[in-house]
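Asks: Next up, coords31.pdb (PDB, C-alpha atoms and all ligand atoms).
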ATOM      1  CA  MET A 124      97.658-107.635-176.712
ATOM      2  CA  ASN A 125      94.592-108.290-178.906
ATOM      3  CA  LEU A 126      94.283-110.443-182.024
ATOM      4  CA  TYR A 127      94.528-107.447-184.358
ATOM      5  CA  ASP A 128      97.863-106.313-182.832
ATOM      6  CA  GLU A 129      99.238-109.840-182.632
ATOM      7  CA  TYR A 130      98.286-111.173-186.085
ATOM      8  CA  CYS A 131      96.948-108.507-188.483
ATOM      9  CA  LEU A 132      99.071-105.489-187.643
ATOM     10  CA  PRO A 133     102.517-107.111-188.112
ATOM     11  CA  HIS A 134     101.421-108.330-191.539
ATOM     12  CA  LEU A 135      99.999-104.914-192.511
ATOM     13  CA  ILE A 136     103.171-103.129-191.314
ATOM     14  CA  HIS A 137     105.349-105.612-193.179
ATOM     15  CA  CYS A 138     103.385-105.063-196.415
ATOM     16  CA  ALA A 139     103.188-101.256-196.114
ATOM     17  CA  CYS A 140     106.871-100.958-195.222
ATOM     18  CA  GLY A 141     107.755-103.291-198.075
ATOM     19  CA  LEU A 142     106.166-101.090-200.776
ATOM     20  CA  LYS A 143     108.464-100.263-203.670
ATOM     21  CA  VAL A 144     108.512 -96.518-202.906
ATOM     22  CA  ILE A 145     109.607 -97.248-199.346
ATOM     23  CA  GLN A 146     112.269 -99.680-200.513
ATOM     24  CA  GLN A 147     113.588 -96.917-202.785
ATOM     25  CA  GLN A 148     113.879 -94.674-199.728
ATOM     26  CA  ARG A 149     115.807 -97.389-197.863
ATOM     27  CA  GLU A 150     118.240 -97.560-200.765
ATOM     28  CA  LYS A 151     119.089 -93.888-200.202
ATOM     29  CA  VAL A 152     119.926 -94.108-196.505
ATOM     30  CA  VAL A 153     120.709 -97.615-195.252
ATOM     31  CA  PRO A 154     124.017 -98.003-197.197
ATOM     32  CA  LEU A 155     125.348 -95.014-195.195
ATOM     33  CA  ALA A 156     125.396 -97.139-192.026
ATOM     34  CA  GLU A 157     128.775 -98.348-190.818
ATOM     35  CA  GLY A 158     130.565-100.076-187.960
ATOM     36  CA  ARG A 159     128.536-101.014-184.890
ATOM     37  CA  VAL A 160     124.960-100.172-185.836
ATOM     38  CA  LEU A 161     121.868 -99.795-183.680
ATOM     39  CA  GLU A 162     118.634-100.043-185.633
ATOM     40  CA  VAL A 163     115.748 -98.710-183.538
ATOM     41  CA  GLY A 164     112.375-100.343-184.221
ATOM     42  CA  MET A 165     113.744-102.935-186.620
ATOM     43  CA  GLY A 166     110.267-104.184-187.520
ATOM     44  CA  SER A 167     110.388-107.093-189.960
ATOM     45  CA  ALA A 168     114.057-106.388-190.751
ATOM     46  CA  LEU A 169     113.314-104.936-194.195
ATOM     47  CA  ASN A 170     116.500-102.869-194.064
ATOM     48  CA  VAL A 171     118.756-105.945-193.989
ATOM     49  CA  PRO A 172     119.252-106.249-197.779
ATOM     50  CA  PHE A 173     120.146-102.560-198.073
ATOM     51  CA  TYR A 174     123.147-102.480-195.726
ATOM     52  CA  ASP A 175     126.581-102.435-197.305
ATOM     53  CA  PRO A 176     127.900-105.609-195.620
ATOM     54  CA  GLY A 177     131.546-104.597-196.105
ATOM     55  CA  LYS A 178     130.980-101.587-193.829
ATOM     56  CA  ILE A 179     129.107-103.350-191.041
ATOM     57  CA  LYS A 180     130.714-104.822-187.912
ATOM     58  CA  PHE A 181     127.365-105.942-186.444
ATOM     59  CA  VAL A 182     123.819-104.643-186.027
ATOM     60  CA  TRP A 183     121.857-104.348-182.803
ATOM     61  CA  GLY A 184     118.222-104.791-183.863
ATOM     62  CA  LEU A 185     116.001-103.234-181.228
ATOM     63  CA  GLU A 186     112.339-104.176-181.574
ATOM     64  CA  PRO A 187     109.867-104.188-178.659
ATOM     65  CA  SER A 188     107.088-106.115-180.421
ATOM     66  CA  ARG A 189     107.320-109.904-180.145
ATOM     67  CA  ALA A 190     105.095-110.272-183.214
ATOM     68  CA  MET A 191     107.375-108.016-185.296
ATOM     69  CA  ARG A 192     110.505-109.868-184.110
ATOM     70  CA  LYS A 193     108.836-113.078-185.273
ATOM     71  CA  LYS A 194     108.015-111.463-188.625
ATOM     72  CA  ALA A 195     111.690-110.455-188.947
ATOM     73  CA  ARG A 196     113.050-114.012-188.801
ATOM     74  CA  LYS A 197     113.092-114.636-192.540
ATOM     75  CA  ASN A 198     115.022-111.455-193.396
ATOM     76  CA  LEU A 199     117.349-111.934-190.431
ATOM     77  CA  SER A 200     118.218-115.466-191.551
ATOM     78  CA  ARG A 201     119.611-113.941-194.768
ATOM     79  CA  ALA A 202     121.715-111.241-193.094
ATOM     80  CA  PRO A 203     125.369-111.437-194.191
ATOM     81  CA  PHE A 204     126.422-109.918-190.828
ATOM     82  CA  GLU A 205     125.652-110.592-187.186
ATOM     83  CA  VAL A 206     122.341-109.165-185.909
ATOM     84  CA  ARG A 207     121.870-109.020-182.125
ATOM     85  CA  LEU A 208     118.211-108.639-181.169
ATOM     86  CA  LEU A 209     117.108-106.418-178.285
ATOM     87  CA  ASP A 210     113.501-106.860-177.123
ATOM     88  CA  LEU A 211     113.066-103.402-175.605
ATOM     89  CA  PRO A 212     111.653-100.032-176.701
ATOM     90  CA  GLY A 213     113.751 -97.102-177.875
ATOM     91  CA  GLU A 214     113.124 -95.352-174.566
ATOM     92  CA  GLU A 215     115.115 -98.119-172.796
ATOM     93  CA  ILE A 216     118.175 -98.848-174.926
ATOM     94  CA  PRO A 217     120.263-101.289-172.849
ATOM     95  CA  LEU A 218     123.648-100.383-174.383
ATOM     96  CA  ASP A 219     126.679 -98.563-172.952
ATOM     97  CA  ASP A 220     127.372 -94.896-173.592
ATOM     98  CA  ASP A 221     129.317 -94.197-176.823
ATOM     99  CA  SER A 222     129.047 -97.847-177.890
ATOM    100  CA  VAL A 223     127.674 -97.544-181.448
ATOM    101  CA  ASP A 224     128.934 -95.837-184.603
ATOM    102  CA  THR A 225     125.575 -95.479-186.371
ATOM    103  CA  VAL A 226     121.963 -95.290-185.252
ATOM    104  CA  LEU A 227     119.467 -96.127-187.993
ATOM    105  CA  LEU A 228     115.888 -94.962-187.677
ATOM    106  CA  THR A 229     113.465 -95.740-190.512
ATOM    107  CA  TYR A 230     109.697 -95.178-190.212
ATOM    108  CA  THR A 231     109.827 -95.576-186.430
ATOM    109  CA  LEU A 232     109.953 -92.086-184.904
ATOM    110  CA  CYS A 233     106.290 -91.714-185.926
ATOM    111  CA  THR A 234     105.401 -94.488-183.476
ATOM    112  CA  ILE A 235     107.667 -94.154-180.430
ATOM    113  CA  PRO A 236     105.467 -92.812-177.594
ATOM    114  CA  ASP A 237     108.171 -90.955-175.650
ATOM    115  CA  TRP A 238     110.143 -89.812-178.707
ATOM    116  CA  ARG A 239     112.238 -87.327-176.722
ATOM    117  CA  SER A 240     113.641 -89.837-174.251
ATOM    118  CA  ALA A 241     114.171 -92.370-177.076
ATOM    119  CA  LEU A 242     116.229 -89.817-179.042
ATOM    120  CA  GLN A 243     118.171 -88.946-175.899
ATOM    121  CA  GLN A 244     118.933 -92.648-175.477
ATOM    122  CA  MET A 245     120.111 -92.845-179.096
ATOM    123  CA  ARG A 246     122.341 -89.831-178.494
ATOM    124  CA  ARG A 247     123.747 -91.408-175.333
ATOM    125  CA  VAL A 248     124.783 -94.680-176.997
ATOM    126  CA  LEU A 249     126.159 -93.002-180.126
ATOM    127  CA  ARG A 250     129.908 -92.386-179.969
ATOM    128  CA  PRO A 251     131.107 -88.791-180.438
ATOM    129  CA  GLY A 252     131.229 -88.177-184.183
ATOM    130  CA  GLY A 253     128.841 -91.051-184.889
ATOM    131  CA  LYS A 254     125.778 -90.518-187.039
ATOM    132  CA  LEU A 255     122.040 -90.860-186.769
ATOM    133  CA  ILE A 256     120.633 -91.846-190.161
ATOM    134  CA  PHE A 257     116.919 -91.302-190.508
ATOM    135  CA  CYS A 258     114.106 -91.722-193.003
ATOM    136  CA  GLU A 259     110.658 -90.951-191.649
ATOM    137  CA  HIS A 260     107.262 -89.756-192.770
ATOM    138  CA  GLY A 261     105.800 -86.761-190.983
ATOM    139  CA  VAL A 262     104.008 -83.467-191.064
ATOM    140  CA  ALA A 263     103.467 -82.050-194.558
ATOM    141  CA  PRO A 264     104.387 -78.488-195.552
ATOM    142  CA  ASP A 265     101.015 -77.769-197.209
ATOM    143  CA  GLU A 266      98.292 -76.492-194.956
ATOM    144  CA  ARG A 267      95.540 -78.439-196.706
ATOM    145  CA  VAL A 268      97.410 -81.723-196.315
ATOM    146  CA  ARG A 269      98.341 -80.861-192.725
ATOM    147  CA  LYS A 270      94.696 -80.332-191.861
ATOM    148  CA  TRP A 271      93.907 -83.813-193.173
ATOM    149  CA  GLN A 272      96.795 -85.275-191.235
ATOM    150  CA  ASP A 273      95.431 -83.740-188.021
ATOM    151  CA  ARG A 274      91.901 -84.917-188.783
ATOM    152  CA  VAL A 275      92.839 -88.486-189.656
ATOM    153  CA  ASN A 276      95.525 -88.933-187.006
ATOM    154  CA  PRO A 277      93.384 -90.097-184.038
ATOM    155  CA  LEU A 278      91.853 -92.954-186.045
ATOM    156  CA  TRP A 279      95.088 -93.727-187.932
ATOM    157  CA  LYS A 280      96.985 -94.033-184.665
ATOM    158  CA  LYS A 281      94.515 -96.662-183.453
ATOM    159  CA  VAL A 282      94.697 -98.855-186.542
ATOM    160  CA  ALA A 283      98.378 -98.318-187.363
ATOM    161  CA  GLY A 284      99.981 -99.446-184.108
ATOM    162  CA  GLY A 285     100.450 -95.975-182.589
ATOM    163  CA  CYS A 286     101.853 -94.356-185.760
ATOM    164  CA  ASN A 287     101.358 -90.575-185.995
ATOM    165  CA  LEU A 288     100.971 -88.853-189.356
ATOM    166  CA  ASN A 289     101.804 -85.344-188.229
ATOM    167  CA  ARG A 290     105.092 -85.391-186.326
ATOM    168  CA  PRO A 291     107.570 -82.595-187.158
ATOM    169  CA  ILE A 292     110.504 -84.952-187.643
ATOM    170  CA  PRO A 293     113.445 -82.480-187.903
ATOM    171  CA  GLU A 294     112.181 -80.572-184.839
ATOM    172  CA  TYR A 295     112.007 -83.773-182.820
ATOM    173  CA  ILE A 296     115.490 -84.873-183.899
ATOM    174  CA  GLU A 297     116.952 -81.533-182.878
ATOM    175  CA  ALA A 298     115.019 -81.489-179.600
ATOM    176  CA  GLY A 299     116.572 -84.899-178.871
ATOM    177  CA  GLY A 300     120.055 -83.377-178.900
ATOM    178  CA  PHE A 301     121.086 -83.775-182.535
ATOM    179  CA  SER A 302     122.142 -81.350-185.193
ATOM    180  CA  ILE A 303     120.939 -82.215-188.694
ATOM    181  CA  GLN A 304     123.793 -82.294-191.238
ATOM    182  CA  SER A 305     121.815 -83.217-194.325
ATOM    183  CA  LEU A 306     118.104 -83.282-194.976
ATOM    184  CA  ASP A 307     115.980 -84.166-197.983
ATOM    185  CA  THR A 308     112.217 -83.924-198.059
ATOM    186  CA  GLY A 309     109.379 -84.657-200.445
ATOM    187  CA  TYR A 310     106.114 -86.418-201.118
ATOM    188  CA  LEU A 311     106.385 -90.047-202.158
ATOM    189  CA  PRO A 312     103.736 -91.403-204.529
ATOM    190  CA  GLY A 313     100.574 -92.308-202.589
ATOM    191  CA  PRO A 314      98.007 -90.626-200.360
ATOM    192  CA  LYS A 315      99.477 -87.236-199.496
ATOM    193  CA  PHE A 316      98.530 -87.337-195.829
ATOM    194  CA  ALA A 317     100.899 -90.265-195.290
ATOM    195  CA  ALA A 318     103.474 -89.541-197.976
ATOM    196  CA  TYR A 319     105.622 -86.617-196.877
ATOM    197  CA  ASN A 320     109.103 -87.939-196.098
ATOM    198  CA  TYR A 321     112.170 -86.574-194.327
ATOM    199  CA  TRP A 322     115.515 -88.315-194.740
ATOM    200  CA  GLY A 323     119.097 -87.438-193.909
ATOM    201  CA  VAL A 324     121.925 -87.599-191.393
ATOM    202  CA  ALA A 325     122.292 -85.982-187.960
ATOM    203  CA  ARG A 326     125.111 -85.864-185.434
ATOM    204  CA  GLN A 327     125.233 -85.011-181.742
ATOM    205  CA  ALA A 328     124.696 -81.276-181.204
TER     206      ALA A 328
HETATM  207  C1  LIG B   1     106.237 -98.774-189.173
HETATM  208  S1  LIG B   1     107.236 -99.899-188.339
HETATM  209  C2  LIG B   1     108.831 -99.661-189.106
HETATM  210  C3  LIG B   1     109.722-100.834-188.970
HETATM  211  C4  LIG B   1     111.118-100.678-189.587
HETATM  212  N1  LIG B   1     111.876 -99.654-188.952
HETATM  213  C5  LIG B   1     111.054-100.458-191.072
HETATM  214  O1  LIG B   1     111.635 -99.481-191.570
HETATM  215  O2  LIG B   1     110.442-101.296-191.774
HETATM  216  C6  LIG B   1     107.469 -99.175-186.737
HETATM  217  C7  LIG B   1     108.174-100.101-185.769
HETATM  218  O3  LIG B   1     108.426 -99.399-184.538
HETATM  219  C8  LIG B   1     108.264-100.323-183.484
HETATM  220  N2  LIG B   1     108.063 -99.596-182.227
HETATM  221  C9  LIG B   1     106.894 -99.303-181.612
HETATM  222  N3  LIG B   1     107.122 -98.667-180.452
HETATM  223  C10 LIG B   1     108.465 -98.547-180.339
HETATM  224  C11 LIG B   1     109.328 -98.009-179.338
HETATM  225  N4  LIG B   1     108.850 -97.436-178.248
HETATM  226  N5  LIG B   1     110.661 -98.105-179.541
HETATM  227  C12 LIG B   1     111.158 -98.671-180.670
HETATM  228  N6  LIG B   1     110.393 -99.194-181.641
HETATM  229  C13 LIG B   1     109.068 -99.146-181.471
HETATM  230  C14 LIG B   1     107.062-101.145-183.908
HETATM  231  O4  LIG B   1     106.982-102.364-183.195
HETATM  232  C15 LIG B   1     107.349-101.329-185.397
HETATM  233  O5  LIG B   1     108.104-102.486-185.641
END
What does the file become when written as structure tokens?
Replies:
Amino acid sequence: MNLYDEYCLPHLIHCACGLKVIQQQREKVVPLAEGRVLEVGMGSALNVPFYDPGKIKFVWGLEPSRAMRKKARKNLSRAPFEVRLLDLPGEEIPLDDDSVDTVLLTYTLCTIPDWRSALQQMRRVLRPGGKLIFCEHGVAPDERVRKWQDRVNPLWKKVAGGCNLNRPIPEYIEAGGFSIQSLDTGYLPGPKFAAYNYWGVARQA
């Protein structure tokens, strides 16, 4: 790991993910989580204040980056429920089959290298009837914006910790074995190439 990944990137991710428009997105989805929750790619634990504590039994916080886990300490210390950290990637979820009620995925599917096996892992650990709650940025519907996303992506990926601008989020979720029950989409304020969001709830297909 180089100095940029270890020191600059966690700070940049924490600031970008802490923007007001992103926090407003969290408000729409995180309170839907309930029971035994697995949050994949917990980052700096910015979702913690948005959970409805009365509905949460505990949260597994899976985060492969040591630097991001360190950055999460402050928010985790304020969590009004138990958070159990897992230092592994989404492709290697070390939990039993059917052992969680909710999987929460916010602004992480853009980054997971083997997204298909990670989603299959999420499906495996989710109990029948459980829900995958997601809020992600991804490919835009407008051709002009999409062209920019494709152009900028190679450089973006290098400076943004492996994040992709142009992933077709609903397609990936369905290819991972889920059926989408509710889906909202739209541009958030900001540069259009990074602003198209998908959020909703999916269940096992
Ligand atoms: C843009 S951040 C989002 C963090 C957090 N979910 C949020 O909403 O603020 C993406 C996170 O995905 C994590 N990540 C990278 N590769 C991953 C993988 N293979 N499995 C799970 N998380 C991963 C990164 O370390 C980073 O913390």
Asks: Carefully work through the PyMOL selection byres (((chain A and resi 210) around 9) and not hetatm) for this structure and note down the residues it includes, as a list in words.
Replies: Gly184, Leu185, Glu186, Pro187, Ser188, Arg189, Arg192, Leu208, Leu209, Leu211 and Pro212 of chain A
Asks: Report, in Å with one decimal, the straight-line distance from atom CA of Leu142 of chain A to atom CA of Tyr321 of chain A.
Replies: 17.0 Å
Asks: Using all atoms listed in the file for the distances, tell me which of A:Val268, A:Leu228, A:Val152, A:Ala325 is nearest to Gly213 of chain A.
Replies: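 Closest residue, counting all atoms listed in the file: A:Leu228.
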Asks: For the interface of chain A with ligand LIG 1 (chain B) (cut-off 8 Å, counting all atoms listed in the file), please tabulate each contacting residue of chain A alongside its nearest pair of atoms and their separation in Å to one decimal, rows sorted by chain and increasing number, as a tab-separated table.
Replies:
residue	atom	partner	partner_atom	distance
A:Pro133	CA	B:LIG1	O5	7.7
A:Ile136	CA	B:LIG1	C1	5.7
A:His137	CA	B:LIG1	O2	6.8
A:Ala139	CA	B:LIG1	C1	8.0
A:Cys140	CA	B:LIG1	O2	5.0
A:Gly141	CA	B:LIG1	O2	7.1
A:Arg149	CA	B:LIG1	O1	7.8
A:Glu162	CA	B:LIG1	N1	7.5
A:Val163	CA	B:LIG1	C12	5.4
A:Gly164	CA	B:LIG1	N6	3.5
A:Met165	CA	B:LIG1	N1	4.4
A:Gly166	CA	B:LIG1	O5	3.3
A:Ser167	CA	B:LIG1	O2	6.1
A:Ala168	CA	B:LIG1	O2	6.3
A:Leu169	CA	B:LIG1	O2	5.2
A:Asn170	CA	B:LIG1	O1	6.4
A:Leu185	CA	B:LIG1	C12	6.7
A:Glu186	CA	B:LIG1	N6	5.3
A:Pro187	CA	B:LIG1	O4	5.7
A:Ser188	CA	B:LIG1	O4	4.7
A:Met191	CA	B:LIG1	O5	5.6
A:Arg192	CA	B:LIG1	O5	7.9
A:Leu211	CA	B:LIG1	N5	7.0
A:Pro212	CA	B:LIG1	N5	3.6
A:Gly213	CA	B:LIG1	N5	3.7
A:Glu214	CA	B:LIG1	N4	6.0
A:Leu228	CA	B:LIG1	N1	6.3
A:Thr229	CA	B:LIG1	O1	4.3
A:Tyr230	CA	B:LIG1	C2	4.7
A:Thr231	CA	B:LIG1	C6	4.3
A:Leu232	CA	B:LIG1	O3	7.5
A:Cys233	CA	B:LIG1	C6	7.6
A:Thr234	CA	B:LIG1	C9	5.4
A:Ile235	CA	B:LIG1	N4	4.1
A:Pro236	CA	B:LIG1	N4	5.8
A:Asp237	CA	B:LIG1	N4	7.0
A:Trp238	CA	B:LIG1	N4	7.7
A:Ala241	CA	B:LIG1	N5	7.2
A:Gly284	CA	B:LIG1	C14	7.3
A:Gly285	CA	B:LIG1	C9	7.3
A:Cys286	CA	B:LIG1	C1	7.1
Asks: Near Asp221 of chain A, within 6 Å and counting all atoms listed in the file, which residues show up once chain neighbours fewer than 6 positions away are dropped, as a PyMOL selection string?
Replies: chain A and resi 248-250
Asks: Do a neighbour search on Trp271 of chain A at 10 Å with only C-alpha atoms, toss out local chain neighbours closer than 5 positions, and write the hits as a PyMOL selection string.
Replies: chain A and resi 263+266+276+288-289+315-317
Asks: Can those selected residues be exported to a file as a JSON list (two decimals), in the frame of the given file so that it contains C-alpha atoms?
Replies:
[["chain", "number", "residue", "atom", "x", "y", "z"],
["A", 263, "ALA", "CA", 103.47, -82.05, -194.56],
["A", 266, "GLU", "CA", 98.29, -76.49, -194.96],
["A", 276, "ASN", "CA", 95.52, -88.93, -187.01],
["A", 288, "LEU", "CA", 100.97, -88.85, -189.36],
["A", 289, "ASN", "CA", 101.80, -85.34, -188.23],
["A", 315, "LYS", "CA", 99.48, -87.24, -199.50],
["A", 316, "PHE", "CA", 98.53, -87.34, -195.83],
["A", 317, "ALA", "CA", 100.90, -90.26, -195.29]]
Asks: Name the closest residue to Val182 of chain A among the candidates A:Glu157, A:Asp219, A:Glu294, A:Asp273; distances are taken between atoms, counting all atoms listed in the file.
Replies: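 Between A:Glu157, A:Asp219, A:Glu294, A:Asp273, the residue approaching Val182 of chain A most closely is A:Glu157.
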Asks: Could you jot down the atom CA of Ile292 of chain A to atom CA of Gly261 of chain A separation for me, Å, one decimal place?
Replies: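 Answer for the atom CA of Ile292 of chain A to atom CA of Gly261 of chain A separation: 6.0 Å.
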Asks: Mind filling out segment 230-252 of chain A with N, CA and C atoms and sending it as a PDB file, in the coordinates of the input?
Replies:
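Saved the output as selection_22.pdb:
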ATOM      1  N   TYR A 230     111.146 -95.057-190.403  1.00  0.00           N
ATOM      2  CA  TYR A 230     109.697 -95.178-190.212  1.00  0.00           C
ATOM      3  C   TYR A 230     109.344 -95.668-188.803  1.00  0.00           C
ATOM      4  N   THR A 231     110.040 -95.157-187.819  1.00  0.00           N
ATOM      5  CA  THR A 231     109.827 -95.576-186.430  1.00  0.00           C
ATOM      6  C   THR A 231     109.551 -94.402-185.502  1.00  0.00           C
ATOM      7  N   LEU A 232     110.143 -93.244-185.792  1.00  0.00           N
ATOM      8  CA  LEU A 232     109.953 -92.086-184.904  1.00  0.00           C
ATOM      9  C   LEU A 232     108.480 -91.675-184.844  1.00  0.00           C
ATOM     10  N   CYS A 233     107.736 -92.006-185.891  1.00  0.00           N
ATOM     11  CA  CYS A 233     106.290 -91.714-185.926  1.00  0.00           C
ATOM     12  C   CYS A 233     105.541 -92.460-184.830  1.00  0.00           C
ATOM     13  N   THR A 234     106.124 -93.561-184.361  1.00  0.00           N
ATOM     14  CA  THR A 234     105.401 -94.488-183.476  1.00  0.00           C
ATOM     15  C   THR A 234     105.873 -94.441-182.022  1.00  0.00           C
ATOM     16  N   ILE A 235     107.122 -94.062-181.799  1.00  0.00           N
ATOM     17  CA  ILE A 235     107.667 -94.154-180.430  1.00  0.00           C
ATOM     18  C   ILE A 235     106.911 -93.183-179.507  1.00  0.00           C
ATOM     19  N   PRO A 236     106.269 -93.698-178.442  1.00  0.00           N
ATOM     20  CA  PRO A 236     105.467 -92.812-177.594  1.00  0.00           C
ATOM     21  C   PRO A 236     106.297 -91.677-176.980  1.00  0.00           C
ATOM     22  N   ASP A 237     107.367 -92.010-176.270  1.00  0.00           N
ATOM     23  CA  ASP A 237     108.171 -90.955-175.650  1.00  0.00           C
ATOM     24  C   ASP A 237     109.386 -90.694-176.557  1.00  0.00           C
ATOM     25  N   TRP A 238     109.111 -90.004-177.676  1.00  0.00           N
ATOM     26  CA  TRP A 238     110.143 -89.812-178.707  1.00  0.00           C
ATOM     27  C   TRP A 238     111.358 -89.065-178.153  1.00  0.00           C
ATOM     28  N   ARG A 239     111.124 -88.122-177.225  1.00  0.00           N
ATOM     29  CA  ARG A 239     112.238 -87.327-176.722  1.00  0.00           C
ATOM     30  C   ARG A 239     113.225 -88.204-175.939  1.00  0.00           C
ATOM     31  N   SER A 240     112.697 -89.025-175.024  1.00  0.00           N
ATOM     32  CA  SER A 240     113.641 -89.837-174.251  1.00  0.00           C
ATOM     33  C   SER A 240     114.286 -90.902-175.135  1.00  0.00           C
ATOM     34  N   ALA A 241     113.555 -91.396-176.160  1.00  0.00           N
ATOM     35  CA  ALA A 241     114.171 -92.370-177.076  1.00  0.00           C
ATOM     36  C   ALA A 241     115.344 -91.727-177.838  1.00  0.00           C
ATOM     37  N   LEU A 242     115.142 -90.492-178.311  1.00  0.00           N
ATOM     38  CA  LEU A 242     116.229 -89.817-179.042  1.00  0.00           C
ATOM     39  C   LEU A 242     117.401 -89.519-178.095  1.00  0.00           C
ATOM     40  N   GLN A 243     117.087 -89.189-176.858  1.00  0.00           N
ATOM     41  CA  GLN A 243     118.171 -88.946-175.899  1.00  0.00           C
ATOM     42  C   GLN A 243     118.963 -90.227-175.644  1.00  0.00           C
ATOM     43  N   GLN A 244     118.252 -91.353-175.620  1.00  0.00           N
ATOM     44  CA  GLN A 244     118.933 -92.648-175.477  1.00  0.00           C
ATOM     45  C   GLN A 244     119.828 -92.933-176.687  1.00  0.00           C
ATOM     46  N   MET A 245     119.309 -92.618-177.874  1.00  0.00           N
ATOM     47  CA  MET A 245     120.111 -92.845-179.096  1.00  0.00           C
ATOM     48  C   MET A 245     121.369 -91.979-179.047  1.00  0.00           C
ATOM     49  N   ARG A 246     121.203 -90.750-178.592  1.00  0.00           N
ATOM     50  CA  ARG A 246     122.341 -89.831-178.494  1.00  0.00           C
ATOM     51  C   ARG A 246     123.361 -90.357-177.487  1.00  0.00           C
ATOM     52  N   ARG A 247     122.858 -90.904-176.389  1.00  0.00           N
ATOM     53  CA  ARG A 247     123.747 -91.408-175.333  1.00  0.00           C
ATOM     54  C   ARG A 247     124.608 -92.563-175.837  1.00  0.00           C
ATOM     55  N   VAL A 248     124.018 -93.492-176.585  1.00  0.00           N
ATOM     56  CA  VAL A 248     124.783 -94.680-176.997  1.00  0.00           C
ATOM     57  C   VAL A 248     125.656 -94.420-178.223  1.00  0.00           C
ATOM     58  N   LEU A 249     125.377 -93.315-178.922  1.00  0.00           N
ATOM     59  CA  LEU A 249     126.159 -93.002-180.126  1.00  0.00           C
ATOM     60  C   LEU A 249     127.512 -92.422-179.716  1.00  0.00           C
ATOM     61  N   ARG A 250     128.582 -92.919-180.317  1.00  0.00           N
ATOM     62  CA  ARG A 250     129.908 -92.386-179.969  1.00  0.00           C
ATOM     63  C   ARG A 250     130.046 -90.963-180.512  1.00  0.00           C
ATOM     64  N   PRO A 251     130.905 -90.132-179.891  1.00  0.00           N
ATOM     65  CA  PRO A 251     131.107 -88.791-180.438  1.00  0.00           C
ATOM     66  C   PRO A 251     131.528 -88.900-181.905  1.00  0.00           C
ATOM     67  N   GLY A 252     130.911 -88.123-182.747  1.00  0.00           N
ATOM     68  CA  GLY A 252     131.229 -88.177-184.183  1.00  0.00           C
ATOM     69  C   GLY A 252     130.409 -89.205-184.947  1.00  0.00           C
TER      70      GLY A 252
END
